[in-house]
Amino acid sequence: MILDVQDIHTYYGESHALQGVSLALEAGETVCLLGRNGAGKSTTLRSIIGLNAPRQGRVLFDGQEITGLSTWRIARRGIGLVPEDRRIFPGLTVRENLEVSAYRRPGSGGVWTADRIFLRYPMLAELADRDGGKLSGGQQQMLAVARSLMSEPRLLLLDEPNEGLAPVIVEQIGELIDELAKTTTILFTDQSVHFALRHAQRAYVLEKGRVVHQATSRELLADAETQRRYLSV
Ligand code: ATP
């Protein structure tokens, strides 16, 4: 098991956002965290990577406890996060955005460079000299995901990679996730079941800071009741 989240409780001040979330991923899986606005999806990712450390419960990565470690230490162990707001550097070019994110973990192969990313994703190569701030939302999302590859994460957390994007771009993000899934473990969030179904083997459904359901993507597709109760259509 590469990630084992055990009954975590996370707060914003006194607000009890996660009320005992447990989930686990085997290496190589792609799993989706589903739920409506405010269900706790972002908070779960933030808890895993230490941006909001859980007050109770444990997070194990590769069998080692990472609960309470600082975010940079957790990232160095091999977890990458693409946050909902993407956070690319608007004043740096696409190439520079990639290069500033290169970090070689001890023991990692050092596989990704900006040029290799450009070979693999020609769409980004065409934008290499453009400022991050001048990219469309979809281009920014591609860059944010590609940038997270530069640190060669063994577990990639993607927070609502499709939010606010046109269907054709969502398609491209889906292809990118499928491509990444060949070499890394992925946990991504989404509000509806459709994208999850196409790109994740299974899903956890969150509601009010709790896991209320878990199933394979195929089972969820057939489960109209769960979709109606907990998910956007
Ligand atoms: P969204 O799609 O809106 O991001 P989500 O499922 O990711 O939804 P979270 O953002 O994790 O949900 O929010 C979980 C709960 O924590 C919600 O009740 C939300 O209001 C609360 N919350 C989130 N961020 C903060 C914050 N910075 N301060 C206080 N409460 C917060």
# chains A, B, ... in the order shown; residues from 1 in each chain; ligands from 1
>>> residues_around(residues="range 114-117 of chain A", least_positions_apart="5", cutoff="9 Å", atoms="only C-alpha atoms", output="ChimeraX atom specification")
/A:95-96,98-99,102,122,124-125,146-147,149-150
>>> select_by_dssp(residues="range 49-213 of chain A", states="helix (DSSP H, G or I)", output="PyMOL selection string")
chain A and resi 71-77+94-99+114-120+122-125+132-134+137-149+167-181+193-199
>>> closest_atom_pairs(of="chain A", to="ligand 1", cutoff="9 Å", atoms="only C-alpha atoms and all ligand atoms", output="tab-separated table")
residue	atom	partner	partner_atom_place_in_ligand_line	distance
A:Thr10	CA	ligand 1	16 (O)	8.8
A:Tyr11	CA	ligand 1	16 (O)	7.7
A:Tyr12	CA	ligand 1	29 (C)	4.8
A:Gly13	CA	ligand 1	29 (C)	7.1
A:Glu14	CA	ligand 1	29 (C)	8.8
A:Ser15	CA	ligand 1	30 (N)	6.4
A:His16	CA	ligand 1	16 (O)	7.5
A:Ala17	CA	ligand 1	16 (O)	4.5
A:Leu18	CA	ligand 1	14 (C)	7.1
A:Leu33	CA	ligand 1	6 (O)	8.8
A:Leu34	CA	ligand 1	6 (O)	7.8
A:Gly35	CA	ligand 1	6 (O)	5.8
A:Arg36	CA	ligand 1	6 (O)	5.7
A:Asn37	CA	ligand 1	8 (O)	3.7
A:Gly38	CA	ligand 1	12 (O)	3.3
A:Ala39	CA	ligand 1	6 (O)	3.7
A:Gly40	CA	ligand 1	11 (O)	3.2
A:Lys41	CA	ligand 1	6 (O)	3.7
A:Ser42	CA	ligand 1	7 (O)	3.5
A:Thr43	CA	ligand 1	11 (O)	3.6
A:Thr44	CA	ligand 1	11 (O)	6.4
A:Leu45	CA	ligand 1	11 (O)	8.1
A:Arg46	CA	ligand 1	11 (O)	8.1
A:Glu84	CA	ligand 1	4 (O)	7.4
A:Asp159	CA	ligand 1	7 (O)	7.7
A:Glu160	CA	ligand 1	2 (O)	7.3
A:Glu163	CA	ligand 1	2 (O)	8.8
A:Thr189	CA	ligand 1	7 (O)	7.8
A:Asp190	CA	ligand 1	2 (O)	7.7
A:Gln191	CA	ligand 1	2 (O)	7.0
A:Leu206	CA	ligand 1	6 (O)	7.4
A:Glu207	CA	ligand 1	6 (O)	7.9
A:Lys208	CA	ligand 1	18 (O)	7.0
A:Gly209	CA	ligand 1	14 (C)	6.5
>>> residues_around(residues="Asp178 in chain A", least_positions_apart="4", cutoff="8 Å", atoms="only C-alpha atoms", output="PyMOL selection string")
chain A and resi 174+182+199
>>> atom_distance(atom1="CA of Arg130 in chain A", atom2="CA of Phe188 in chain A")
27.6 Å
>>> closest_residue(among="A:Val212, A:Val100, A:Leu157, A:Met1", to="Gly63 in chain A", atoms="only C-alpha atoms")
A:Met1
>>> select_by_dssp(residues="range 30-164 of chain A", states="strand (DSSP E)", output="PyMOL selection string")
chain A and resi 30-34+56-61+64-65+79-82+155-158
>>> residues_around(residues="Ile48 in chain A", least_positions_apart="4", cutoff="8 Å", atoms="only C-alpha atoms", output="number ranges by chain")
A: 5, 44, 53, 59, 67
>>> residues_around(residues="Pro161 in chain A", least_positions_apart="5", cutoff="10 Å", atoms="only C-alpha atoms", output="PyMOL selection string")
chain A and resi 82-86+138+141-142+144-145+170+173-174+177+188-190
>>> write_last_selection(atoms="all heavy atoms", output="short mmCIF file (atom, residue, chain, number, x, y, z; two decimals), in the first residue's frame")
data_model
loop_
_atom_site.label_atom_id
_atom_site.label_comp_id
_atom_site.auth_asym_id
_atom_site.auth_seq_id
_atom_site.Cartn_x
_atom_site.Cartn_y
_atom_site.Cartn_z
N VAL A 82 -1.26 19.18 -7.17
CA VAL A 82 -1.68 20.26 -8.06
C VAL A 82 -2.94 20.85 -7.45
O VAL A 82 -4.00 20.24 -7.47
CB VAL A 82 -1.99 19.75 -9.49
CG1 VAL A 82 -2.44 20.89 -10.37
CG2 VAL A 82 -0.75 19.07 -10.08
N PRO A 83 -2.82 22.04 -6.83
CA PRO A 83 -3.97 22.59 -6.12
C PRO A 83 -5.05 23.08 -7.08
O PRO A 83 -4.81 23.23 -8.27
CB PRO A 83 -3.38 23.74 -5.31
CG PRO A 83 -2.13 24.12 -6.01
CD PRO A 83 -1.64 22.91 -6.73
N GLU A 84 -6.21 23.32 -6.51
CA GLU A 84 -7.37 23.74 -7.30
C GLU A 84 -7.07 25.02 -8.08
O GLU A 84 -7.48 25.16 -9.22
CB GLU A 84 -8.53 23.96 -6.33
CG GLU A 84 -9.88 23.69 -6.90
CD GLU A 84 -10.93 23.64 -5.80
OE1 GLU A 84 -10.60 23.63 -4.60
OE2 GLU A 84 -12.12 23.59 -6.17
N ASP A 85 -6.35 25.94 -7.46
CA ASP A 85 -6.11 27.23 -8.15
C ASP A 85 -4.86 27.20 -9.05
O ASP A 85 -4.46 28.22 -9.58
CB ASP A 85 -6.02 28.37 -7.13
CG ASP A 85 -4.87 28.18 -6.17
OD1 ASP A 85 -4.04 27.27 -6.40
OD2 ASP A 85 -4.78 28.92 -5.18
N ARG A 86 -4.24 26.05 -9.16
CA ARG A 86 -3.14 25.78 -10.12
C ARG A 86 -1.82 26.47 -9.78
O ARG A 86 -0.77 25.93 -10.03
CB ARG A 86 -3.54 26.12 -11.56
CG ARG A 86 -4.65 25.20 -12.01
CD ARG A 86 -5.45 25.70 -13.18
NE ARG A 86 -6.73 25.00 -13.23
CZ ARG A 86 -7.79 25.44 -13.86
NH1 ARG A 86 -7.75 26.58 -14.53
NH2 ARG A 86 -8.90 24.76 -13.84
N GLY A 138 -7.23 26.13 -19.49
CA GLY A 138 -6.85 24.76 -19.82
C GLY A 138 -5.36 24.61 -19.97
O GLY A 138 -4.76 23.62 -19.53
N GLN A 141 -3.79 24.55 -16.65
CA GLN A 141 -3.95 23.27 -15.96
C GLN A 141 -2.96 22.24 -16.49
O GLN A 141 -2.36 21.50 -15.72
CB GLN A 141 -5.40 22.78 -16.12
CG GLN A 141 -5.71 21.51 -15.35
CD GLN A 141 -5.54 21.67 -13.85
OE1 GLN A 141 -4.46 21.45 -13.29
NE2 GLN A 141 -6.58 22.10 -13.18
N MET A 142 -2.78 22.22 -17.83
CA MET A 142 -1.79 21.30 -18.41
C MET A 142 -0.41 21.61 -17.84
O MET A 142 0.36 20.71 -17.49
CB MET A 142 -1.70 21.47 -19.94
CG MET A 142 -2.96 21.14 -20.69
SD MET A 142 -3.19 19.37 -20.87
CE MET A 142 -2.16 19.02 -22.25
N ALA A 144 0.29 23.11 -14.99
CA ALA A 144 0.36 22.79 -13.56
C ALA A 144 0.59 21.29 -13.36
O ALA A 144 1.37 20.88 -12.50
CB ALA A 144 -0.93 23.23 -12.86
N VAL A 145 -0.07 20.48 -14.18
CA VAL A 145 0.11 19.03 -14.05
C VAL A 145 1.51 18.63 -14.52
O VAL A 145 2.23 17.88 -13.85
CB VAL A 145 -0.98 18.26 -14.83
CG1 VAL A 145 -0.71 16.76 -14.78
CG2 VAL A 145 -2.37 18.56 -14.26
N VAL A 170 -11.13 19.34 -20.99
CA VAL A 170 -11.32 18.25 -20.03
C VAL A 170 -10.85 16.94 -20.64
O VAL A 170 -10.19 16.12 -20.00
CB VAL A 170 -12.80 18.16 -19.58
CG1 VAL A 170 -13.06 16.89 -18.79
CG2 VAL A 170 -13.17 19.39 -18.76
N ILE A 173 -7.12 16.87 -20.49
CA ILE A 173 -6.64 16.61 -19.12
C ILE A 173 -6.82 15.12 -18.81
O ILE A 173 -5.95 14.49 -18.20
CB ILE A 173 -7.43 17.46 -18.09
CG1 ILE A 173 -7.24 18.96 -18.37
CG2 ILE A 173 -7.03 17.10 -16.66
CD1 ILE A 173 -5.88 19.51 -18.08
N GLY A 174 -7.92 14.56 -19.28
CA GLY A 174 -8.16 13.12 -19.09
C GLY A 174 -7.06 12.29 -19.73
O GLY A 174 -6.56 11.33 -19.14
N ILE A 177 -3.96 12.51 -17.63
CA ILE A 177 -4.05 11.67 -16.43
C ILE A 177 -3.80 10.21 -16.81
O ILE A 177 -3.04 9.50 -16.13
CB ILE A 177 -5.42 11.84 -15.74
CG1 ILE A 177 -5.48 13.23 -15.11
CG2 ILE A 177 -5.66 10.75 -14.70
CD1 ILE A 177 -6.80 13.57 -14.46
N PHE A 188 -7.19 11.86 -7.52
CA PHE A 188 -7.73 13.16 -7.97
C PHE A 188 -9.15 13.35 -7.47
O PHE A 188 -9.81 12.40 -7.10
CB PHE A 188 -7.64 13.31 -9.50
CG PHE A 188 -8.56 12.42 -10.30
CD1 PHE A 188 -9.84 12.84 -10.64
CD2 PHE A 188 -8.14 11.18 -10.73
CE1 PHE A 188 -10.69 12.02 -11.39
CE2 PHE A 188 -8.98 10.35 -11.47
CZ PHE A 188 -10.26 10.78 -11.80
N THR A 189 -9.59 14.61 -7.44
CA THR A 189 -10.93 14.90 -6.95
C THR A 189 -11.81 15.39 -8.10
O THR A 189 -11.32 15.94 -9.08
CB THR A 189 -10.94 15.96 -5.84
OG1 THR A 189 -10.64 17.24 -6.41
CG2 THR A 189 -9.90 15.66 -4.77
N ASP A 190 -13.09 15.17 -7.95
CA ASP A 190 -14.04 15.64 -8.94
C ASP A 190 -15.42 15.69 -8.29
O ASP A 190 -15.63 15.09 -7.25
CB ASP A 190 -14.04 14.72 -10.17
CG ASP A 190 -14.51 15.43 -11.43
OD1 ASP A 190 -13.84 16.38 -11.86
OD2 ASP A 190 -15.57 15.06 -11.97
#
>>> closest_residue(among="A:Asn162, A:Asn97, A:Ser148, A:Thr216", to="Gly133 in chain A", atoms="only C-alpha atoms")
A:Asn97
>>> atom_distance(atom1="CA of Ile8 in chain A", atom2="CA of Ala200 in chain A")
23.1 Å
>>> residues_around(residues="range 218-221 of chain A", least_positions_apart="3", cutoff="10 Å", atoms="only C-alpha atoms", output="count of residues only")
18
>>> atom_distance(atom1="CA of Gly91 in chain A", atom2="CA of Glu171 in chain A")
27.5 Å
>>> closest_residue(among="A:Leu165, A:Gln19, A:Gly137, A:Arg154", to="Ala181 in chain A", atoms="only C-alpha atoms")
A:Arg154
>>> residues_around(residues="His9 in chain A", least_positions_apart="2", cutoff="7 Å", atoms="only C-alpha atoms", output="VMD selection string")
chain A and resid 7 11 18 to 21 54 to 57
>>> write_last_selection(atoms="all heavy atoms", output="PDB file, in the first residue's frame")
ATOM      1  N   ASP A   7      -8.442   7.313   9.487  1.00  0.00           N
ATOM      2  CA  ASP A   7      -9.374   7.988  10.406  1.00  0.00           C
ATOM      3  C   ASP A   7      -8.917   9.409  10.771  1.00  0.00           C
ATOM      4  O   ASP A   7      -8.814   9.750  11.951  1.00  0.00           O
ATOM      5  CB  ASP A   7      -9.515   7.117  11.667  1.00  0.00           C
ATOM      6  CG  ASP A   7     -10.690   7.538  12.530  1.00  0.00           C
ATOM      7  OD1 ASP A   7     -11.668   8.085  11.985  1.00  0.00           O
ATOM      8  OD2 ASP A   7     -10.610   7.338  13.763  1.00  0.00           O
ATOM      9  N   TYR A  11      -9.277  20.200  11.074  1.00  0.00           N
ATOM     10  CA  TYR A  11     -10.082  21.364  11.462  1.00  0.00           C
ATOM     11  C   TYR A  11      -9.602  22.622  10.759  1.00  0.00           C
ATOM     12  O   TYR A  11      -8.419  22.750  10.428  1.00  0.00           O
ATOM     13  CB  TYR A  11      -9.940  21.621  12.976  1.00  0.00           C
ATOM     14  CG  TYR A  11     -10.525  20.556  13.852  1.00  0.00           C
ATOM     15  CD1 TYR A  11      -9.888  19.321  13.975  1.00  0.00           C
ATOM     16  CD2 TYR A  11     -11.691  20.786  14.563  1.00  0.00           C
ATOM     17  CE1 TYR A  11     -10.436  18.325  14.788  1.00  0.00           C
ATOM     18  CE2 TYR A  11     -12.237  19.804  15.390  1.00  0.00           C
ATOM     19  CZ  TYR A  11     -11.600  18.571  15.489  1.00  0.00           C
ATOM     20  OH  TYR A  11     -12.130  17.605  16.294  1.00  0.00           O
ATOM     21  N   LEU A  18     -12.892  17.505   8.489  1.00  0.00           N
ATOM     22  CA  LEU A  18     -12.839  16.064   8.224  1.00  0.00           C
ATOM     23  C   LEU A  18     -13.130  15.323   9.518  1.00  0.00           C
ATOM     24  O   LEU A  18     -12.453  15.519  10.526  1.00  0.00           O
ATOM     25  CB  LEU A  18     -11.469  15.626   7.696  1.00  0.00           C
ATOM     26  CG  LEU A  18     -11.012  16.191   6.356  1.00  0.00           C
ATOM     27  CD1 LEU A  18      -9.748  15.464   5.883  1.00  0.00           C
ATOM     28  CD2 LEU A  18     -12.104  16.112   5.288  1.00  0.00           C
ATOM     29  N   GLN A  19     -14.131  14.457   9.468  1.00  0.00           N
ATOM     30  CA  GLN A  19     -14.608  13.821  10.690  1.00  0.00           C
ATOM     31  C   GLN A  19     -14.363  12.323  10.645  1.00  0.00           C
ATOM     32  O   GLN A  19     -15.275  11.524  10.768  1.00  0.00           O
ATOM     33  CB  GLN A  19     -16.086  14.146  10.876  1.00  0.00           C
ATOM     34  CG  GLN A  19     -16.332  15.648  10.792  1.00  0.00           C
ATOM     35  CD  GLN A  19     -17.723  16.049  11.205  1.00  0.00           C
ATOM     36  OE1 GLN A  19     -18.516  15.228  11.635  1.00  0.00           O
ATOM     37  NE2 GLN A  19     -18.021  17.334  11.081  1.00  0.00           N
ATOM     38  N   GLY A  20     -13.096  11.962  10.401  1.00  0.00           N
ATOM     39  CA  GLY A  20     -12.759  10.541  10.368  1.00  0.00           C
ATOM     40  C   GLY A  20     -12.742   9.980   8.962  1.00  0.00           C
ATOM     41  O   GLY A  20     -13.569   9.150   8.611  1.00  0.00           O
ATOM     42  N   VAL A  21     -11.791  10.464   8.151  1.00  0.00           N
ATOM     43  CA  VAL A  21     -11.666   9.975   6.771  1.00  0.00           C
ATOM     44  C   VAL A  21     -10.588   8.894   6.710  1.00  0.00           C
ATOM     45  O   VAL A  21      -9.477   9.097   7.199  1.00  0.00           O
ATOM     46  CB  VAL A  21     -11.304  11.133   5.806  1.00  0.00           C
ATOM     47  CG1 VAL A  21     -10.884  10.605   4.438  1.00  0.00           C
ATOM     48  CG2 VAL A  21     -12.493  12.090   5.670  1.00  0.00           C
ATOM     49  N   PRO A  54      -3.783  16.883  10.100  1.00  0.00           N
ATOM     50  CA  PRO A  54      -4.891  16.329  10.884  1.00  0.00           C
ATOM     51  C   PRO A  54      -4.594  16.430  12.383  1.00  0.00           C
ATOM     52  O   PRO A  54      -3.447  16.291  12.791  1.00  0.00           O
ATOM     53  CB  PRO A  54      -4.938  14.853  10.465  1.00  0.00           C
ATOM     54  CG  PRO A  54      -4.120  14.744   9.234  1.00  0.00           C
ATOM     55  CD  PRO A  54      -3.140  15.875   9.243  1.00  0.00           C
ATOM     56  N   ARG A  55      -5.626  16.671  13.166  1.00  0.00           N
ATOM     57  CA  ARG A  55      -5.439  16.711  14.623  1.00  0.00           C
ATOM     58  C   ARG A  55      -5.510  15.325  15.229  1.00  0.00           C
ATOM     59  O   ARG A  55      -5.009  15.068  16.317  1.00  0.00           O
ATOM     60  CB  ARG A  55      -6.524  17.569  15.266  1.00  0.00           C
ATOM     61  CG  ARG A  55      -6.103  19.013  15.400  1.00  0.00           C
ATOM     62  CD  ARG A  55      -7.018  19.740  16.351  1.00  0.00           C
ATOM     63  NE  ARG A  55      -7.331  21.058  15.817  1.00  0.00           N
ATOM     64  CZ  ARG A  55      -8.304  21.822  16.254  1.00  0.00           C
ATOM     65  NH1 ARG A  55      -9.100  21.406  17.226  1.00  0.00           N
ATOM     66  NH2 ARG A  55      -8.506  23.000  15.722  1.00  0.00           N
ATOM     67  N   GLN A  56      -6.229  14.437  14.542  1.00  0.00           N
ATOM     68  CA  GLN A  56      -6.288  13.032  14.971  1.00  0.00           C
ATOM     69  C   GLN A  56      -6.153  12.156  13.749  1.00  0.00           C
ATOM     70  O   GLN A  56      -6.494  12.582  12.657  1.00  0.00           O
ATOM     71  CB  GLN A  56      -7.660  12.711  15.560  1.00  0.00           C
ATOM     72  CG  GLN A  56      -7.922  13.162  16.946  1.00  0.00           C
ATOM     73  CD  GLN A  56      -9.377  12.796  17.287  1.00  0.00           C
ATOM     74  OE1 GLN A  56      -9.789  11.648  17.217  1.00  0.00           O
ATOM     75  NE2 GLN A  56     -10.146  13.804  17.647  1.00  0.00           N
ATOM     76  N   GLY A  57      -5.747  10.909  13.983  1.00  0.00           N
ATOM     77  CA  GLY A  57      -5.607   9.960  12.884  1.00  0.00           C
ATOM     78  C   GLY A  57      -4.197  10.001  12.318  1.00  0.00           C
ATOM     79  O   GLY A  57      -3.360  10.779  12.773  1.00  0.00           O
TER      80      GLY A  57
END
>>> decode(residues="range 15-34 of chain A", atoms="N, CA, C and O atoms", output="mmCIF file, in the first residue's frame")
data_model
loop_
_atom_site.group_PDB
_atom_site.id
_atom_site.type_symbol
_atom_site.label_atom_id
_atom_site.label_comp_id
_atom_site.auth_asym_id
_atom_site.auth_seq_id
_atom_site.Cartn_x
_atom_site.Cartn_y
_atom_site.Cartn_z
ATOM 1 N N SER A 15 -13.789 24.658 13.271
ATOM 2 C CA SER A 15 -14.663 23.966 12.327
ATOM 3 C C SER A 15 -14.089 22.590 11.981
ATOM 4 O O SER A 15 -12.971 22.476 11.487
ATOM 5 N N HIS A 16 -14.882 21.565 12.243
ATOM 6 C CA HIS A 16 -14.436 20.172 12.149
ATOM 7 C C HIS A 16 -14.669 19.671 10.721
ATOM 8 O O HIS A 16 -15.691 19.064 10.419
ATOM 9 N N ALA A 17 -13.711 19.951 9.821
ATOM 10 C CA ALA A 17 -13.937 19.725 8.386
ATOM 11 C C ALA A 17 -13.892 18.244 8.007
ATOM 12 O O ALA A 17 -14.745 17.766 7.261
ATOM 13 N N LEU A 18 -12.892 17.505 8.489
ATOM 14 C CA LEU A 18 -12.839 16.064 8.224
ATOM 15 C C LEU A 18 -13.130 15.323 9.518
ATOM 16 O O LEU A 18 -12.453 15.519 10.526
ATOM 17 N N GLN A 19 -14.131 14.457 9.468
ATOM 18 C CA GLN A 19 -14.608 13.821 10.690
ATOM 19 C C GLN A 19 -14.363 12.323 10.645
ATOM 20 O O GLN A 19 -15.275 11.524 10.768
ATOM 21 N N GLY A 20 -13.096 11.962 10.401
ATOM 22 C CA GLY A 20 -12.759 10.541 10.368
ATOM 23 C C GLY A 20 -12.742 9.980 8.962
ATOM 24 O O GLY A 20 -13.569 9.150 8.611
ATOM 25 N N VAL A 21 -11.791 10.464 8.151
ATOM 26 C CA VAL A 21 -11.666 9.975 6.771
ATOM 27 C C VAL A 21 -10.588 8.894 6.710
ATOM 28 O O VAL A 21 -9.477 9.097 7.199
ATOM 29 N N SER A 22 -10.935 7.756 6.126
ATOM 30 C CA SER A 22 -9.969 6.678 5.893
ATOM 31 C C SER A 22 -10.006 6.307 4.421
ATOM 32 O O SER A 22 -11.084 6.190 3.837
ATOM 33 N N LEU A 23 -8.842 6.143 3.844
ATOM 34 C CA LEU A 23 -8.769 5.636 2.472
ATOM 35 C C LEU A 23 -7.377 5.078 2.231
ATOM 36 O O LEU A 23 -6.440 5.401 2.966
ATOM 37 N N ALA A 24 -7.262 4.233 1.227
ATOM 38 C CA ALA A 24 -5.967 3.600 0.963
ATOM 39 C C ALA A 24 -5.792 3.368 -0.528
ATOM 40 O O ALA A 24 -6.755 3.067 -1.239
ATOM 41 N N LEU A 25 -4.567 3.563 -0.989
ATOM 42 C CA LEU A 25 -4.247 3.333 -2.402
ATOM 43 C C LEU A 25 -3.083 2.362 -2.520
ATOM 44 O O LEU A 25 -2.092 2.484 -1.799
ATOM 45 N N GLU A 26 -3.218 1.407 -3.429
ATOM 46 C CA GLU A 26 -2.093 0.548 -3.786
ATOM 47 C C GLU A 26 -1.248 1.283 -4.825
ATOM 48 O O GLU A 26 -1.787 2.086 -5.610
ATOM 49 N N ALA A 27 0.035 0.999 -4.860
ATOM 50 C CA ALA A 27 0.902 1.619 -5.862
ATOM 51 C C ALA A 27 0.372 1.294 -7.251
ATOM 52 O O ALA A 27 -0.015 0.157 -7.534
ATOM 53 N N GLY A 28 0.316 2.317 -8.100
ATOM 54 C CA GLY A 28 -0.117 2.115 -9.478
ATOM 55 C C GLY A 28 -1.593 2.387 -9.719
ATOM 56 O O GLY A 28 -2.023 2.493 -10.860
ATOM 57 N N GLU A 29 -2.368 2.517 -8.645
ATOM 58 C CA GLU A 29 -3.802 2.785 -8.834
ATOM 59 C C GLU A 29 -4.067 4.239 -9.202
ATOM 60 O O GLU A 29 -3.302 5.132 -8.843
ATOM 61 N N THR A 30 -5.188 4.459 -9.874
ATOM 62 C CA THR A 30 -5.736 5.809 -10.038
ATOM 63 C C THR A 30 -7.107 5.809 -9.378
ATOM 64 O O THR A 30 -7.981 5.029 -9.745
ATOM 65 N N VAL A 31 -7.250 6.673 -8.375
ATOM 66 C CA VAL A 31 -8.463 6.668 -7.556
ATOM 67 C C VAL A 31 -9.034 8.078 -7.524
ATOM 68 O O VAL A 31 -8.300 9.071 -7.519
ATOM 69 N N CYS A 32 -10.361 8.160 -7.526
ATOM 70 C CA CYS A 32 -11.021 9.470 -7.490
ATOM 71 C C CYS A 32 -11.721 9.674 -6.151
ATOM 72 O O CYS A 32 -12.313 8.745 -5.601
ATOM 73 N N LEU A 33 -11.634 10.903 -5.685
ATOM 74 C CA LEU A 33 -12.340 11.319 -4.474
ATOM 75 C C LEU A 33 -13.490 12.190 -4.950
ATOM 76 O O LEU A 33 -13.260 13.263 -5.518
ATOM 77 N N LEU A 34 -14.706 11.701 -4.739
ATOM 78 C CA LEU A 34 -15.872 12.396 -5.271
ATOM 79 C C LEU A 34 -16.662 13.071 -4.153
ATOM 80 O O LEU A 34 -16.611 12.647 -3.001
#
